[in-house]
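Asks: This one is my_file23.txt, compact mmCIF, C-alpha atoms.
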```txt
# COMPACT_ATOMS: atom_id res chain seq x y z
CA ARG A 20 -110.56 73.99 -189.29
CA ILE A 21 -112.79 72.26 -186.74
CA ILE A 22 -111.38 68.82 -185.92
CA SER A 23 -113.76 67.58 -183.19
CA LYS A 24 -116.79 68.58 -181.16
CA ASP A 25 -118.87 67.50 -178.21
CA PRO A 26 -121.58 64.90 -178.96
CA GLY A 27 -124.88 66.27 -180.25
CA ASN A 28 -126.07 68.22 -183.28
CA TRP A 29 -124.66 71.62 -182.34
CA TYR A 30 -121.19 73.10 -182.31
CA ASP A 31 -121.47 74.50 -178.78
CA THR A 32 -117.98 73.34 -177.76
CA PHE A 33 -115.45 72.24 -180.35
CA MET A 34 -111.75 71.87 -181.10
CA ILE A 35 -109.81 73.53 -183.93
CA ASN A 36 -106.52 72.52 -185.57
CA ARG A 37 -104.51 75.57 -184.52
CA GLY A 38 -102.96 76.41 -181.15
CA SER A 39 -100.21 78.25 -179.31
CA ASN A 40 -97.68 77.43 -182.08
CA ASP A 41 -99.92 79.55 -184.34
CA GLY A 42 -100.27 82.45 -181.88
CA ILE A 43 -103.67 81.41 -180.53
CA ARG A 44 -104.33 82.16 -176.86
CA VAL A 45 -107.12 81.76 -174.31
CA ASP A 46 -109.80 84.48 -174.74
CA ASN A 47 -109.15 84.95 -178.48
CA ASN A 48 -112.48 85.75 -180.18
CA VAL A 49 -113.74 83.38 -182.88
CA ILE A 50 -115.93 84.31 -185.87
CA ALA A 51 -117.33 82.51 -188.93
CA GLY A 52 -119.07 83.81 -191.99
CA LYS A 53 -120.71 87.04 -190.91
CA GLY A 54 -120.95 86.59 -187.16
CA LEU A 55 -119.50 85.88 -183.74
CA VAL A 56 -119.02 82.18 -182.95
CA GLY A 57 -117.41 82.19 -179.52
CA ILE A 58 -114.19 82.37 -177.53
CA VAL A 59 -111.08 80.21 -177.07
CA THR A 60 -111.17 78.56 -173.63
CA GLU A 61 -108.16 76.20 -173.77
CA VAL A 62 -105.01 76.01 -175.92
CA GLY A 63 -102.41 73.35 -176.72
CA PRO A 64 -99.46 73.58 -179.12
CA ASN A 65 -101.52 72.63 -182.21
CA TRP A 66 -105.16 72.69 -181.01
CA ALA A 67 -107.57 74.98 -179.19
CA THR A 68 -111.00 74.53 -177.62
CA VAL A 69 -113.75 77.02 -178.45
CA ARG A 70 -116.92 77.65 -176.42
CA ALA A 71 -119.60 78.92 -178.76
CA ILE A 72 -122.05 81.66 -177.83
CA ILE A 73 -124.88 79.11 -178.14
CA ASP A 74 -123.50 77.11 -175.19
CA ASP A 75 -125.78 77.25 -172.13
CA SER A 76 -122.91 78.66 -170.02
CA SER A 77 -122.14 81.49 -172.47
CA ASN A 78 -122.87 85.17 -171.71
CA VAL A 79 -121.78 87.98 -174.02
CA SER A 80 -122.00 91.69 -173.23
CA ALA A 81 -123.64 93.21 -176.31
CA MET A 82 -125.14 96.46 -177.58
CA THR A 83 -127.55 97.62 -180.24
CA VAL A 84 -125.94 99.46 -183.16
CA GLY A 85 -128.64 102.11 -183.60
CA THR A 86 -129.02 103.16 -179.96
CA ASP A 87 -125.89 101.84 -178.16
CA ASP A 88 -128.16 100.25 -175.54
CA THR A 89 -126.44 97.36 -173.78
CA CYS A 90 -127.80 93.87 -173.14
CA VAL A 91 -126.55 90.37 -172.37
CA VAL A 92 -126.69 87.65 -175.03
CA GLU A 93 -127.09 84.22 -173.46
CA GLY A 94 -126.57 80.80 -174.96
CA GLU A 95 -129.58 78.52 -174.98
CA LEU A 96 -129.38 75.27 -176.92
CA GLU A 97 -133.17 74.95 -177.10
CA LEU A 98 -133.47 78.23 -179.04
CA ILE A 99 -130.67 77.50 -181.51
CA ASP A 100 -132.97 74.99 -183.25
CA GLU A 101 -134.66 78.11 -184.62
CA GLY A 102 -131.32 79.83 -185.32
CA LYS A 103 -131.86 82.22 -182.41
CA LEU A 104 -130.08 83.45 -179.30
CA ARG A 105 -131.69 85.02 -176.24
CA PHE A 106 -130.90 88.49 -174.92
CA SER A 107 -131.84 90.06 -171.59
CA GLN A 108 -131.23 93.15 -169.46
CA LEU A 109 -131.82 95.52 -172.39
CA TYR A 110 -132.44 98.99 -170.97
CA ASP A 111 -134.40 100.77 -173.72
CA LYS A 112 -136.38 103.48 -171.95
CA ASP A 113 -137.06 105.38 -175.19
CA ASP A 114 -138.52 102.29 -176.95
CA LYS A 115 -136.20 102.70 -179.91
CA VAL A 116 -135.00 99.09 -180.23
CA THR A 117 -137.13 97.28 -182.80
CA VAL A 118 -137.11 94.04 -184.77
CA GLY A 119 -134.25 94.09 -187.27
CA GLU A 120 -131.90 96.12 -185.04
CA ARG A 121 -128.27 94.95 -185.36
CA VAL A 122 -126.60 93.62 -182.20
CA VAL A 123 -122.81 93.58 -181.76
CA THR A 124 -120.33 92.91 -178.96
CA SER A 125 -120.22 95.90 -176.62
CA ASN A 126 -117.46 98.27 -175.63
CA ILE A 127 -117.83 97.22 -171.97
CA SER A 128 -117.18 93.51 -172.59
CA ASP A 129 -114.03 92.37 -170.82
CA LYS A 130 -113.33 89.46 -173.20
CA TYR A 131 -114.92 90.29 -176.55
CA VAL A 132 -113.51 92.87 -178.96
CA GLU A 133 -116.02 95.68 -179.54
CA GLY A 134 -118.23 95.62 -182.64
CA LEU A 135 -118.29 91.93 -183.63
CA PHE A 136 -121.65 91.18 -185.27
CA ILE A 137 -123.90 88.84 -183.25
CA GLY A 138 -127.22 89.07 -185.13
CA TYR A 139 -130.51 90.89 -185.67
CA VAL A 140 -133.24 91.41 -183.05
CA SER A 141 -136.17 89.14 -183.94
CA GLU A 142 -138.41 89.66 -180.88
CA VAL A 143 -138.50 92.23 -178.06
CA GLU A 144 -140.70 92.17 -174.98
CA GLN A 145 -141.00 94.39 -171.91
CA ASN A 146 -140.12 92.71 -168.62
CA SER A 147 -142.61 92.80 -165.74
CA ASN A 148 -140.33 95.30 -163.93
CA ASN A 149 -141.02 97.81 -166.78
CA LEU A 150 -137.31 98.72 -166.73
CA THR A 151 -135.66 96.18 -168.99
CA LYS A 152 -136.50 94.08 -172.03
CA THR A 153 -135.74 90.57 -173.18
CA GLY A 154 -136.05 88.93 -176.55
CA THR A 155 -134.35 86.92 -179.25
CA ILE A 156 -131.70 87.52 -181.89
CA VAL A 157 -131.34 85.72 -185.22
CA THR A 158 -127.70 84.71 -185.71
CA PRO A 159 -126.11 84.61 -189.20
CA VAL A 160 -123.90 81.68 -188.12
CA ASP A 161 -125.06 78.14 -188.95
CA PHE A 162 -124.07 76.41 -185.71
CA GLN A 163 -125.11 73.02 -187.07
CA HIS A 164 -122.73 73.03 -190.05
CA LEU A 165 -119.56 74.80 -188.91
CA LYS A 166 -116.35 73.65 -190.63
CA ASN A 167 -113.95 76.59 -190.60
CA VAL A 168 -113.64 79.52 -188.22
CA LEU A 169 -111.46 82.62 -188.01
CA VAL A 170 -109.61 83.36 -184.77
CA ILE A 171 -108.83 86.98 -183.88
CA THR A 172 -105.42 86.73 -182.22
CA VAL A 173 -105.57 90.17 -180.58
CA ASN A 174 -107.42 89.89 -177.28
CA LYS A 175 -109.60 92.62 -175.81
CA GLN A 176 -107.23 92.79 -172.83
CA ASP A 177 -104.25 93.41 -175.17
CA SER A 178 -105.82 96.59 -176.54
CA VAL A 179 -106.80 97.72 -173.02
CA ASN A 180 -103.21 97.15 -171.84
CA ASP A 181 -101.77 98.89 -174.95
CA ASN A 182 -103.97 101.95 -174.31
CA ALA A 183 -102.90 102.06 -170.65
CA GLN A 184 -99.23 101.73 -171.69
CA ALA A 185 -99.61 104.54 -174.25
CA ALA A 186 -101.27 106.77 -171.64
CA GLN A 187 -98.44 106.08 -169.17
CA GLU A 188 -95.82 106.85 -171.81
CA ALA A 189 -97.60 110.06 -172.79
CA THR A 190 -97.71 111.15 -169.15
CA ALA A 191 -94.00 110.29 -168.70
CA ASN A 192 -93.09 112.28 -171.83
CA GLU A 193 -94.93 115.35 -170.52
CA GLU A 194 -92.96 115.33 -167.26
```
Please lay out the structure from this file as structure tokens.
Replies:
Amino acid sequence: RIISKDPGNWYDTFMINRGSNDGIRVDNNVIAGKGLVGIVTEVGPNWATVRAIIDDSSNVSAMTVGTDDTCVVEGELELIDEGKLRFSQLYDKDDKVTVGERVVTSNISDKYVEGLFIGYVSEVEQNSNNLTKTGTIVTPVDFQHLKNVLVITVNKQDSVNDNAQAAQEATANEE
């Protein structure tokens, strides 16, 4: 449950009523309803601070579901009034990404677990360099009325480390 937040209308940084006593750690991913909310940035015994993806300092490595093209989703408090997030650096040379395309956290993200739903593409435009595209995404999360969130207590780094450990053990068993 959210117990406090920064001043203002939006839940861009907020505190929840669970912490290290509950298994929550820094870099745990946070979701609500049908979409990604943010990431745990600080933890105490019975509280944790979450930075939402709408925060101006937030950057999330993302990808489109239909084409696996990567992009960066950036927080921008001005856009969230419309329920939107901005994306940039989308490399879509085949022009396959269209309005309505689903966007999720990417496999190359170092902090976000792969496949968490971020939103739907609502606008796409070609950049002047003719190589990349920018646009907006509609998020399913109501960042003005958040009350409860779900924390994923397995970090991306845990699964990376587990895979490396398993590979080492497999190699050791072969020798």
Asks: Rounded to one decimal place, report the CA of Lys53 in chain A-CA of Lys130 in chain A distance in Å.
Replies: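 Separating CA of Lys53 in chain A from CA of Lys130 in chain A is a distance of 19.3 Å.
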Asks: Compute the distance from (-122.7, 80.0, -172.9) to each atom, counting only C-alpha atoms, keep the residues with any atom at most 10 Å away, and return them as a list of chain:residue names; use the coordinates of the file.
Replies: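 Checking each residue against the 10 Å limit leaves A:Asp31, A:Thr32, A:Gly57, A:Ile58, A:Arg70, A:Ala71, A:Ile72, A:Ile73, A:Asp74, A:Asp75, A:Ser76, A:Ser77, A:Asn78, A:Val79, A:Val92, A:Glu93, A:Gly94, A:Glu95, A:Leu96.
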Asks: What's around Gln108 in chain A at 7 Å? Count all atoms listed in the file, leave out sequence neighbours fewer than 6 positions away in its own chain, and write the answer as a list in words.
Replies: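 Residues meeting the cut-off are Cys90, Val91, Thr151, Lys152 and Thr153 of chain A.
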Asks: At a cut-off of 6 Å, using all atoms listed in the file, what residues contact range 124-126 of chain A? Leave out same-chain residues fewer than 2 positions from it and give the result as a ChimeraX atom specification.
Replies: /A:80-82,128,133-135
Asks: In terms of the shortest atom-to-atom distance over only C-alpha atoms, which of A:Ile22, A:Tyr139, A:Ser39, A:Gln176 is closest to Lys103 in chain A?
Replies: A:Tyr139
